[in-house]
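The file upload_35.cif comes next; it holds mmCIF, C-alpha atoms.
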```cif
data_start
#
loop_
_atom_site.label_atom_id
_atom_site.label_comp_id
_atom_site.auth_asym_id
_atom_site.auth_seq_id
_atom_site.Cartn_x
_atom_site.Cartn_y
_atom_site.Cartn_z
CA MET A 1437 -46.98 21.31 -10.54
CA LYS A 1438 -45.40 22.37 -13.86
CA ARG A 1439 -44.14 25.57 -12.23
CA VAL A 1440 -42.60 23.60 -9.33
CA LEU A 1441 -40.90 21.18 -11.70
CA LYS A 1442 -39.61 24.08 -13.79
CA TRP A 1443 -38.06 25.75 -10.74
CA LEU A 1444 -36.58 22.48 -9.53
CA PHE A 1445 -35.02 21.97 -12.94
CA ARG A 1446 -33.55 25.48 -12.85
CA ILE A 1447 -32.14 24.95 -9.35
CA VAL A 1448 -30.54 21.65 -10.34
CA LEU A 1449 -29.11 23.25 -13.49
CA VAL A 1450 -27.62 26.13 -11.48
CA LEU A 1451 -26.12 23.71 -8.97
CA LEU A 1452 -24.56 21.66 -11.77
CA VAL A 1453 -23.08 24.78 -13.36
CA LEU A 1454 -21.70 25.92 -10.01
CA ALA A 1455 -20.23 22.46 -9.37
CA PHE A 1456 -18.61 22.50 -12.81
CA LEU A 1457 -17.14 25.95 -12.21
CA PHE A 1458 -15.84 24.86 -8.80
CA VAL A 1459 -14.12 21.80 -10.27
CA PHE A 1460 -12.76 23.86 -13.18
CA VAL A 1461 -11.28 26.52 -10.90
CA ALA A 1462 -9.99 23.91 -8.44
CA TYR A 1463 -8.37 22.02 -11.30
CA TRP A 1464 -6.41 24.97 -12.62
CA ARG A 1465 -5.50 26.20 -9.15
CA SER A 1466 -4.22 22.74 -8.26
CA THR A 1467 -0.46 23.12 -8.33
CA ASN A 1468 2.68 22.55 -6.26
CA ASP A 1469 5.87 24.37 -5.33
CA CYS A 1470 8.05 22.84 -8.05
CA GLY A 1471 10.37 25.53 -9.37
CA LYS A 1472 9.09 28.08 -6.87
CA THR A 1473 11.47 27.45 -3.98
CA ALA A 1474 14.99 28.73 -3.49
CA ALA A 1475 17.95 26.42 -4.00
CA PRO A 1476 18.45 24.27 -0.89
CA THR A 1477 21.01 25.53 1.59
CA ASN A 1478 21.57 22.05 3.03
CA PRO A 1479 20.82 19.75 0.09
CA MET A 1480 20.10 16.05 -0.10
CA LYS A 1481 19.08 13.79 -2.97
CA ALA A 1482 15.42 12.77 -3.28
CA ILE A 1483 12.93 11.57 -5.87
CA VAL A 1484 10.39 14.25 -6.76
CA TYR A 1485 7.61 14.59 -9.35
CA CYS A 1486 6.01 17.85 -10.42
CA ASP A 1487 3.35 16.28 -12.67
CA TYR A 1488 1.52 12.97 -12.70
CA GLY A 1489 3.09 10.14 -14.66
CA LEU A 1490 6.09 7.86 -14.31
CA THR A 1491 8.13 9.83 -16.84
CA ASN A 1492 7.97 12.89 -14.58
CA LEU A 1493 9.95 11.32 -11.73
CA LYS A 1494 13.42 12.76 -11.27
CA LEU A 1495 16.28 12.72 -8.79
CA ALA A 1496 16.79 16.24 -7.46
CA ASN A 1497 18.40 18.24 -4.69
CA VAL A 1498 15.94 19.21 -1.95
CA GLU A 1499 16.33 20.67 1.51
CA LYS A 1500 17.56 18.16 4.08
CA PRO A 1501 14.97 17.88 6.88
CA THR A 1502 15.62 18.96 10.44
CA PRO A 1503 13.92 16.97 13.23
CA ASN A 1504 11.52 18.79 15.52
CA ASP A 1505 11.28 18.03 19.25
CA ASP A 1506 9.35 14.78 18.67
CA GLN A 1507 11.14 13.51 15.57
CA ILE A 1508 14.29 11.62 14.70
CA LEU A 1509 16.56 12.24 11.71
CA VAL A 1510 17.24 8.99 9.87
CA ARG A 1511 19.93 8.46 7.24
CA VAL A 1512 18.07 6.20 4.81
CA ARG A 1513 20.00 3.11 3.76
CA ALA A 1514 17.17 1.38 1.88
CA ALA A 1515 13.54 1.92 0.91
CA SER A 1516 10.97 -0.23 -0.85
CA VAL A 1517 8.34 0.20 -3.52
CA ASN A 1518 4.61 -0.45 -3.06
CA PRO A 1519 1.48 -0.23 -5.24
CA TYR A 1520 0.66 2.67 -2.91
CA ASP A 1521 3.46 4.62 -4.61
CA TRP A 1522 2.33 4.20 -8.19
CA HIS A 1523 -1.24 5.16 -7.26
CA PHE A 1524 0.17 8.55 -6.28
CA ILE A 1525 2.51 8.72 -9.28
CA GLU A 1526 -0.35 8.18 -11.73
CA GLY A 1527 -2.98 9.96 -9.63
CA THR A 1528 -5.31 7.01 -10.02
CA PRO A 1529 -7.99 6.14 -9.30
CA TYR A 1530 -9.01 9.69 -10.23
CA ILE A 1531 -11.26 9.90 -7.20
CA MET A 1532 -8.02 10.26 -5.19
CA ARG A 1533 -7.35 13.60 -6.84
CA ALA A 1534 -10.70 14.98 -5.72
CA MET A 1535 -10.01 13.73 -2.20
CA GLY A 1536 -7.03 16.03 -1.79
CA VAL A 1537 -4.12 14.45 -3.65
CA GLY A 1538 -4.27 17.19 -6.30
CA LEU A 1539 -6.61 17.55 -9.27
CA ARG A 1540 -4.15 18.73 -11.94
CA LYS A 1541 -0.79 18.27 -10.29
CA PRO A 1542 0.32 16.29 -7.23
CA LYS A 1543 0.04 18.38 -4.08
CA ASP A 1544 2.89 16.50 -2.39
CA THR A 1545 5.86 16.17 -4.73
CA ARG A 1546 7.75 13.59 -2.67
CA LEU A 1547 7.36 9.82 -2.93
CA GLY A 1548 8.08 6.63 -1.00
CA VAL A 1549 7.01 5.38 2.43
CA ASP A 1550 8.96 2.31 3.58
CA PHE A 1551 12.49 2.90 4.86
CA ALA A 1552 15.32 1.50 6.96
CA GLY A 1553 18.37 3.40 8.11
CA THR A 1554 20.44 4.82 10.94
CA VAL A 1555 19.44 7.54 13.40
CA GLU A 1556 21.68 10.60 13.09
CA ALA A 1557 19.92 13.00 15.45
CA VAL A 1558 16.93 13.06 17.81
CA GLY A 1559 14.57 15.79 19.05
CA LYS A 1560 14.76 16.92 22.66
CA ASN A 1561 11.59 15.00 23.64
CA VAL A 1562 12.77 11.69 22.17
CA THR A 1563 13.90 9.06 24.68
CA GLN A 1564 13.38 5.70 22.93
CA PHE A 1565 15.97 6.26 20.18
CA LYS A 1566 19.50 7.62 20.10
CA PRO A 1567 22.04 8.47 17.38
CA GLY A 1568 23.54 5.31 15.95
CA ASP A 1569 20.38 3.18 16.32
CA ASP A 1570 19.35 1.22 13.24
CA VAL A 1571 15.61 1.60 12.64
CA PHE A 1572 12.91 0.73 10.10
CA GLY A 1573 9.37 1.89 9.46
CA GLY A 1574 7.31 4.25 7.35
CA ARG A 1575 7.43 7.95 6.54
CA GLY A 1576 6.31 9.94 3.50
CA GLY A 1577 9.16 10.99 1.21
CA ALA A 1578 11.25 7.89 1.91
CA PHE A 1579 12.81 7.85 -1.57
CA ALA A 1580 15.51 10.16 -0.27
CA GLU A 1581 18.76 10.27 1.66
CA TYR A 1582 17.05 11.40 4.89
CA VAL A 1583 13.63 11.26 6.54
CA CYS A 1584 12.26 12.65 9.81
CA PRO A 1585 9.60 10.34 11.29
CA ARG A 1586 7.92 11.03 14.63
CA ALA A 1587 9.55 8.83 17.25
CA ASN A 1588 6.24 7.46 18.56
CA ARG A 1589 4.74 6.64 15.17
CA ALA A 1590 5.65 4.04 12.55
CA VAL A 1591 9.31 3.47 13.42
CA ALA A 1592 11.01 0.72 15.45
CA LEU A 1593 14.45 -0.70 16.12
CA LYS A 1594 15.72 -2.89 13.28
CA PRO A 1595 16.28 -6.53 14.22
CA ALA A 1596 20.02 -7.20 14.20
CA SER A 1597 19.56 -10.27 11.99
CA LEU A 1598 18.05 -8.25 9.14
CA THR A 1599 19.83 -6.30 6.45
CA PHE A 1600 18.69 -2.75 5.75
CA GLU A 1601 17.18 -3.98 2.48
CA GLN A 1602 15.11 -6.64 4.26
CA ALA A 1603 13.97 -4.24 6.96
CA ALA A 1604 12.97 -1.61 4.40
CA SER A 1605 10.56 -4.08 2.79
CA VAL A 1606 8.44 -4.57 5.91
CA ASN A 1607 6.31 -1.52 6.71
CA ILE A 1608 3.31 -1.51 4.36
CA ALA A 1609 3.39 -5.13 3.14
CA GLY A 1610 4.17 -6.71 6.51
CA ILE A 1611 1.69 -4.63 8.49
CA THR A 1612 -1.01 -5.20 5.86
CA ALA A 1613 -0.54 -8.98 6.07
CA LEU A 1614 -0.44 -8.96 9.88
CA GLN A 1615 -3.53 -6.80 10.37
CA ALA A 1616 -5.49 -8.55 7.61
CA LEU A 1617 -4.97 -11.98 9.17
CA ARG A 1618 -4.92 -11.16 12.88
CA ASP A 1619 -7.46 -8.33 13.08
CA LYS A 1620 -9.80 -8.69 10.10
CA GLY A 1621 -9.48 -12.43 9.58
CA GLN A 1622 -9.22 -13.20 13.32
CA ILE A 1623 -7.13 -16.20 12.36
CA GLN A 1624 -7.00 -19.14 14.79
CA PRO A 1625 -4.70 -22.20 15.03
CA GLY A 1626 -5.85 -25.04 12.80
CA GLN A 1627 -8.00 -22.89 10.53
CA LYS A 1628 -7.78 -23.27 6.78
CA VAL A 1629 -6.53 -20.07 5.16
CA LEU A 1630 -6.36 -19.28 1.44
CA ILE A 1631 -3.98 -16.56 0.29
CA ASN A 1632 -4.64 -15.44 -3.27
CA GLY A 1633 -1.50 -13.79 -4.59
CA ALA A 1634 0.84 -15.64 -2.26
CA SER A 1635 4.06 -14.68 -4.06
CA GLY A 1636 3.66 -10.90 -3.98
CA GLY A 1637 4.78 -8.36 -1.39
CA VAL A 1638 1.86 -8.84 1.00
CA GLY A 1639 1.40 -12.49 0.06
CA THR A 1640 4.91 -13.64 1.00
CA PHE A 1641 4.52 -12.04 4.43
CA ALA A 1642 0.98 -13.42 4.81
CA VAL A 1643 1.97 -17.05 4.16
CA GLN A 1644 4.62 -16.91 6.88
CA ILE A 1645 2.50 -14.97 9.38
CA ALA A 1646 -0.43 -17.36 8.92
CA LYS A 1647 1.88 -20.31 9.56
CA SER A 1648 3.27 -18.63 12.68
CA PHE A 1649 -0.33 -18.46 13.96
CA GLY A 1650 -0.73 -22.21 13.41
CA ALA A 1651 -3.00 -22.08 10.36
CA ASP A 1652 -3.24 -24.58 7.51
CA VAL A 1653 -2.21 -22.40 4.58
CA THR A 1654 -3.04 -22.68 0.89
CA GLY A 1655 -1.14 -20.32 -1.40
CA VAL A 1656 -2.32 -19.38 -4.88
CA CYS A 1657 0.43 -18.41 -7.35
CA SER A 1658 1.79 -19.06 -10.83
CA THR A 1659 3.95 -22.02 -11.85
CA ARG A 1660 7.24 -20.12 -11.54
CA ASN A 1661 6.46 -19.19 -7.93
CA VAL A 1662 5.34 -22.59 -6.63
CA ASP A 1663 8.72 -23.47 -5.09
CA LEU A 1664 9.01 -20.03 -3.48
CA VAL A 1665 5.59 -20.19 -1.82
CA ARG A 1666 6.25 -23.75 -0.64
CA SER A 1667 9.57 -22.65 0.87
CA LEU A 1668 7.71 -20.00 2.89
CA GLY A 1669 5.73 -22.74 4.63
CA ALA A 1670 2.52 -23.09 2.63
CA ASP A 1671 0.89 -26.48 3.25
CA HIS A 1672 -0.85 -26.54 -0.13
CA ILE A 1673 -0.15 -24.79 -3.42
CA ILE A 1674 -2.66 -23.97 -6.16
CA ASP A 1675 -1.07 -23.07 -9.49
CA TYR A 1676 -3.63 -20.73 -11.00
CA THR A 1677 -2.34 -21.43 -14.53
CA LYS A 1678 -3.52 -25.03 -14.11
CA GLU A 1679 -6.33 -24.87 -11.58
CA ASP A 1680 -9.04 -22.40 -10.54
CA PHE A 1681 -9.18 -22.26 -6.75
CA ALA A 1682 -12.76 -20.95 -6.87
CA LYS A 1683 -13.93 -24.20 -8.49
CA GLY A 1684 -12.36 -26.55 -5.96
CA ASP A 1685 -14.08 -28.59 -3.26
CA GLN A 1686 -12.04 -27.24 -0.33
CA ARG A 1687 -13.70 -24.75 2.02
CA TYR A 1688 -11.75 -22.09 3.91
CA ASP A 1689 -12.16 -20.22 7.18
CA VAL A 1690 -10.29 -17.15 5.92
CA ILE A 1691 -9.58 -15.88 2.40
CA LEU A 1692 -6.97 -13.15 2.04
CA ASP A 1693 -7.47 -11.73 -1.45
CA ASN A 1694 -4.46 -9.77 -2.68
CA VAL A 1695 -5.50 -9.94 -6.33
CA PRO A 1696 -9.32 -9.83 -6.50
CA ASN A 1697 -9.64 -11.60 -9.85
CA HIS A 1698 -12.72 -13.60 -8.83
CA SER A 1699 -16.20 -12.36 -8.10
CA LEU A 1700 -17.42 -12.15 -4.52
CA SER A 1701 -19.95 -14.91 -5.20
CA GLU A 1702 -17.16 -17.22 -6.39
CA CYS A 1703 -15.15 -16.49 -3.24
CA ARG A 1704 -18.18 -16.99 -1.01
CA ARG A 1705 -18.74 -20.43 -2.54
CA ILE A 1706 -15.45 -21.75 -1.12
CA LEU A 1707 -15.79 -19.90 2.20
CA ASN A 1708 -17.21 -21.64 5.26
CA PRO A 1709 -20.62 -20.36 6.47
CA ASN A 1710 -18.96 -18.26 9.18
CA GLY A 1711 -15.77 -17.63 7.26
CA LYS A 1712 -14.11 -14.29 6.64
CA TYR A 1713 -13.16 -12.73 3.31
CA VAL A 1714 -10.55 -9.95 3.49
CA MET A 1715 -9.69 -7.94 0.40
CA ILE A 1716 -6.51 -5.87 0.31
CA GLY A 1717 -7.44 -2.35 -0.70
CA GLY A 1718 -4.57 -1.24 -2.93
CA GLY A 1719 -5.94 -2.32 -6.27
CA GLY A 1720 -3.92 -2.76 -9.44
CA PRO A 1721 -2.91 -0.77 -12.53
CA ASN A 1722 -5.66 -2.42 -14.58
CA ASP A 1723 -8.47 -1.38 -12.24
CA ASN A 1724 -11.05 1.21 -13.26
CA ARG A 1725 -9.10 4.48 -13.53
CA TRP A 1726 -11.94 6.50 -12.04
CA ILE A 1727 -12.86 4.56 -8.91
CA GLY A 1728 -10.27 1.77 -8.78
CA PRO A 1729 -11.19 -1.01 -6.33
CA PHE A 1730 -13.92 1.05 -4.66
CA GLY A 1731 -16.66 -0.51 -6.80
CA ARG A 1732 -15.85 -3.91 -5.34
CA VAL A 1733 -15.60 -2.37 -1.87
CA ILE A 1734 -19.11 -0.96 -2.18
CA HIS A 1735 -20.36 -4.34 -3.40
CA THR A 1736 -18.76 -5.96 -0.34
CA MET A 1737 -20.35 -3.45 2.04
CA VAL A 1738 -23.79 -3.94 0.49
CA LEU A 1739 -23.51 -7.73 0.57
CA SER A 1740 -22.11 -8.17 4.10
CA PRO A 1741 -25.31 -7.51 6.14
CA PHE A 1742 -27.20 -10.20 4.22
CA VAL A 1743 -24.78 -13.13 4.52
CA SER A 1744 -23.37 -15.07 7.47
CA GLN A 1745 -19.83 -14.70 6.17
CA LYS A 1746 -17.89 -11.54 7.00
CA MET A 1747 -16.79 -9.65 3.90
CA GLY A 1748 -14.55 -6.61 4.04
CA MET A 1749 -11.59 -4.61 2.80
CA MET A 1750 -8.67 -3.33 4.81
CA MET A 1751 -5.91 -0.77 4.51
CA ALA A 1752 -2.80 -0.94 6.68
CA ASP A 1753 -2.62 1.21 9.80
CA ALA A 1754 1.13 1.67 10.22
CA ASN A 1755 2.15 1.89 13.87
CA GLN A 1756 5.10 1.22 16.13
CA LYS A 1757 3.46 -1.64 18.04
CA ASP A 1758 2.89 -3.80 14.97
CA LEU A 1759 6.32 -3.01 13.56
CA THR A 1760 7.72 -4.35 16.83
CA VAL A 1761 5.55 -7.50 16.51
CA LEU A 1762 6.90 -8.05 13.01
CA GLY A 1763 10.43 -7.35 14.23
CA ASP A 1764 10.07 -10.10 16.85
CA LEU A 1765 8.71 -12.55 14.26
CA MET A 1766 11.66 -11.83 11.98
CA GLN A 1767 14.24 -11.96 14.76
CA SER A 1768 12.90 -15.39 15.79
CA GLY A 1769 13.14 -16.64 12.21
CA LYS A 1770 9.39 -17.21 11.78
CA VAL A 1771 9.17 -14.53 9.09
CA LYS A 1772 11.78 -13.57 6.52
CA PRO A 1773 11.30 -10.81 3.93
CA VAL A 1774 11.49 -11.91 0.30
CA ILE A 1775 13.30 -9.51 -2.02
CA ASP A 1776 12.91 -9.84 -5.79
CA ARG A 1777 15.12 -7.04 -7.13
CA THR A 1778 17.06 -4.05 -5.88
CA TYR A 1779 17.52 -0.71 -7.61
CA LYS A 1780 19.51 2.43 -6.87
CA LEU A 1781 17.79 5.65 -5.79
CA SER A 1782 18.30 7.08 -9.28
CA GLU A 1783 16.53 4.02 -10.70
CA VAL A 1784 13.22 4.44 -8.85
CA PRO A 1785 11.28 4.95 -12.14
CA ALA A 1786 12.54 1.57 -13.39
CA ALA A 1787 11.62 -0.05 -10.05
CA ILE A 1788 8.10 1.36 -10.24
CA ALA A 1789 7.73 0.23 -13.85
CA TYR A 1790 8.78 -3.29 -12.89
CA LEU A 1791 6.29 -3.39 -10.03
CA GLU A 1792 3.51 -2.23 -12.36
CA GLU A 1793 4.07 -5.31 -14.52
CA GLY A 1794 2.55 -7.34 -11.68
CA HIS A 1795 5.09 -10.15 -11.61
CA ALA A 1796 7.33 -9.17 -8.68
CA ARG A 1797 8.18 -12.01 -6.30
CA GLY A 1798 8.09 -10.48 -2.86
CA LYS A 1799 9.39 -6.93 -2.57
CA VAL A 1800 11.21 -4.50 -4.84
CA VAL A 1801 13.82 -2.56 -2.86
CA ILE A 1802 15.70 0.72 -3.36
CA THR A 1803 19.25 1.01 -2.01
CA VAL A 1804 20.38 4.48 -0.95
CA GLU A 1805 24.15 4.96 -1.04
#
```
Can you present the structure in this file as structure tokens?
Amino acid sequence: MKRVLKWLFRIVLVLLVLAFLFVFVAYWRSTNDCGKTAAPTNPMKAIVYCDYGLTNLKLANVEKPTPNDDQILVRVRAASVNPYDWHFIEGTPYIMRAMGVGLRKPKDTRLGVDFAGTVEAVGKNVTQFKPGDDVFGGRGGAFAEYVCPRANRAVALKPASLTFEQAASVNIAGITALQALRDKGQIQPGQKVLINGASGGVGTFAVQIAKSFGADVTGVCSTRNVDLVRSLGADHIIDYTKEDFAKGDQRYDVILDNVPNHSLSECRRILNPNGKYVMIGGGGPNDNRWIGPFGRVIHTMVLSPFVSQKMGMMMADANQKDLTVLGDLMQSGKVKPVIDRTYKLSEVPAAIAYLEEGHARGKVVITVE
């Protein structure tokens, strides 16, 4: 037995050393093409970052993209900032780096996802868009003068009633709110819905979408945002600086948790026996830097099979169909994007820094001149 244990110990030790060497080599081989490419022959302005950290963002000349057969070339007029962006900027939670983002340096040096703009050219297989169309949607590298999304992916015609800035704010936040309530929450008319973080990017969309579905909506926000959330249609407002929603007597059919600042047991206490708890998966800058919100996600997954309530997390699945649904809701006036501040393309670092403070009302938008 001692001999077996000794060999097992040696095997484990060797495996640990090999794992360490693998991580060490992978770390130092983790790099990007910053400074290794020739000067662009057809330049455009874009935000790039060669190393992790907000101070490493810069506005630079990069090669203007050319659409392939299934893509469209869009002249970006506006983009918007999301927590998704600063997760990549900081490379946190660190588990992201091991999952392919880049251990030492970011593998993809471009940033931004949400955009709105005008089609300048289309690939030969594209039939649903033409040059001159105003569109909105999502595509990596959106903090730039041009993007090339696939025509059948996350891009749709911009509602005529929306400005480019409003349309650029929709993709991640609007789709997250829609899918969280409709798909995960399975919201029904007359149900009582609590939205924690009702004044943020996802929250402002969620209040309006829940009302469009006929729900009785309670929004949780700070004192300075009470009037805003009420103007979006919330039936009840809880000012978290004066009242703890988790200690109230009201029970809810759906809880949409944008800022998980209460334990799961506290949320379950105010959830109906067959209610649904949906946590938004982005996390915040103050989360654990190693695993971020994943600890709470694991807790939710472990708890769910043993309770009657449905507990889960969701991440947005950007697609053309849901962008069109949101476009119809906005065109009809049922949903209107809320914009807090706008910044120029050269001011993206300041926009990200403002978002990180956690006090943005609605969306922070980038204008591209």
Of the listed residues A:Thr1502, A:Asn1492, A:Thr1554, A:Gln1564, that which approaches Ile1525 (chain A) most closely, counting all atoms listed in the file: A:Asn1492
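Here the PyMOL selection byres ((chain A and resi 1770-1775) around 6) captures the residues Gln1602, Gln1644, Leu1765, Met1766, Ser1768, Gly1769, Asp1776, Arg1777, Gly1798 and Lys1799 of chain A.
Between Thr1803 (chain A) and the candidates A:Asp1550, A:Asp1652, A:Asp1619, A:Asp1693, the tightest atom-to-atom separation, counting all atoms listed in the file, involves A:Asp1550.
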So, with only C-alpha atoms as the atoms that count, which of A:Ile1608, A:Ala1613, A:Leu1791, A:Val1512 lies closest to Cys1584 (chain A)? A:Val1512
Which one is closest to Lys1541 (chain A): A:Lys1757, A:Tyr1485, A:Gln1745, A:Thr1677? Count only C-alpha atoms. A:Tyr1485
Which residues fall under the PyMOL selection byres ((chain A and resi 1695-1708) around 7) in this file, as a PyMOL selection string? chain A and resi 1632-1633+1682+1686-1689+1693-1694+1709-1711
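With all atoms listed in the file as the basis for measurement, A:Pro1595 is the residue among A:Pro1595, A:Pro1625, A:Gly1536, A:Gly1684 that approaches Gly1763 (chain A) most closely.
On the file presented, the PyMOL selection byres ((chain A and resi 1594) around 6) picks out A:Asp1570, A:Val1571, A:Phe1572, A:Leu1593, A:Pro1595.
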Report, in Å to a single decimal, how far apart CA of Ala1787 (chain A) and CA of Ala1590 (chain A) are. 23.7 Å
Under the rule that all atoms listed in the file are counted, which of A:Lys1683, A:Lys1472, A:Arg1511, A:His1523 is the nearest residue to Ile1788 (chain A)? A:His1523
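Take CA of Asn1561 (chain A) and CA of Asp1505 (chain A): the distance between them is 5.3 Å.
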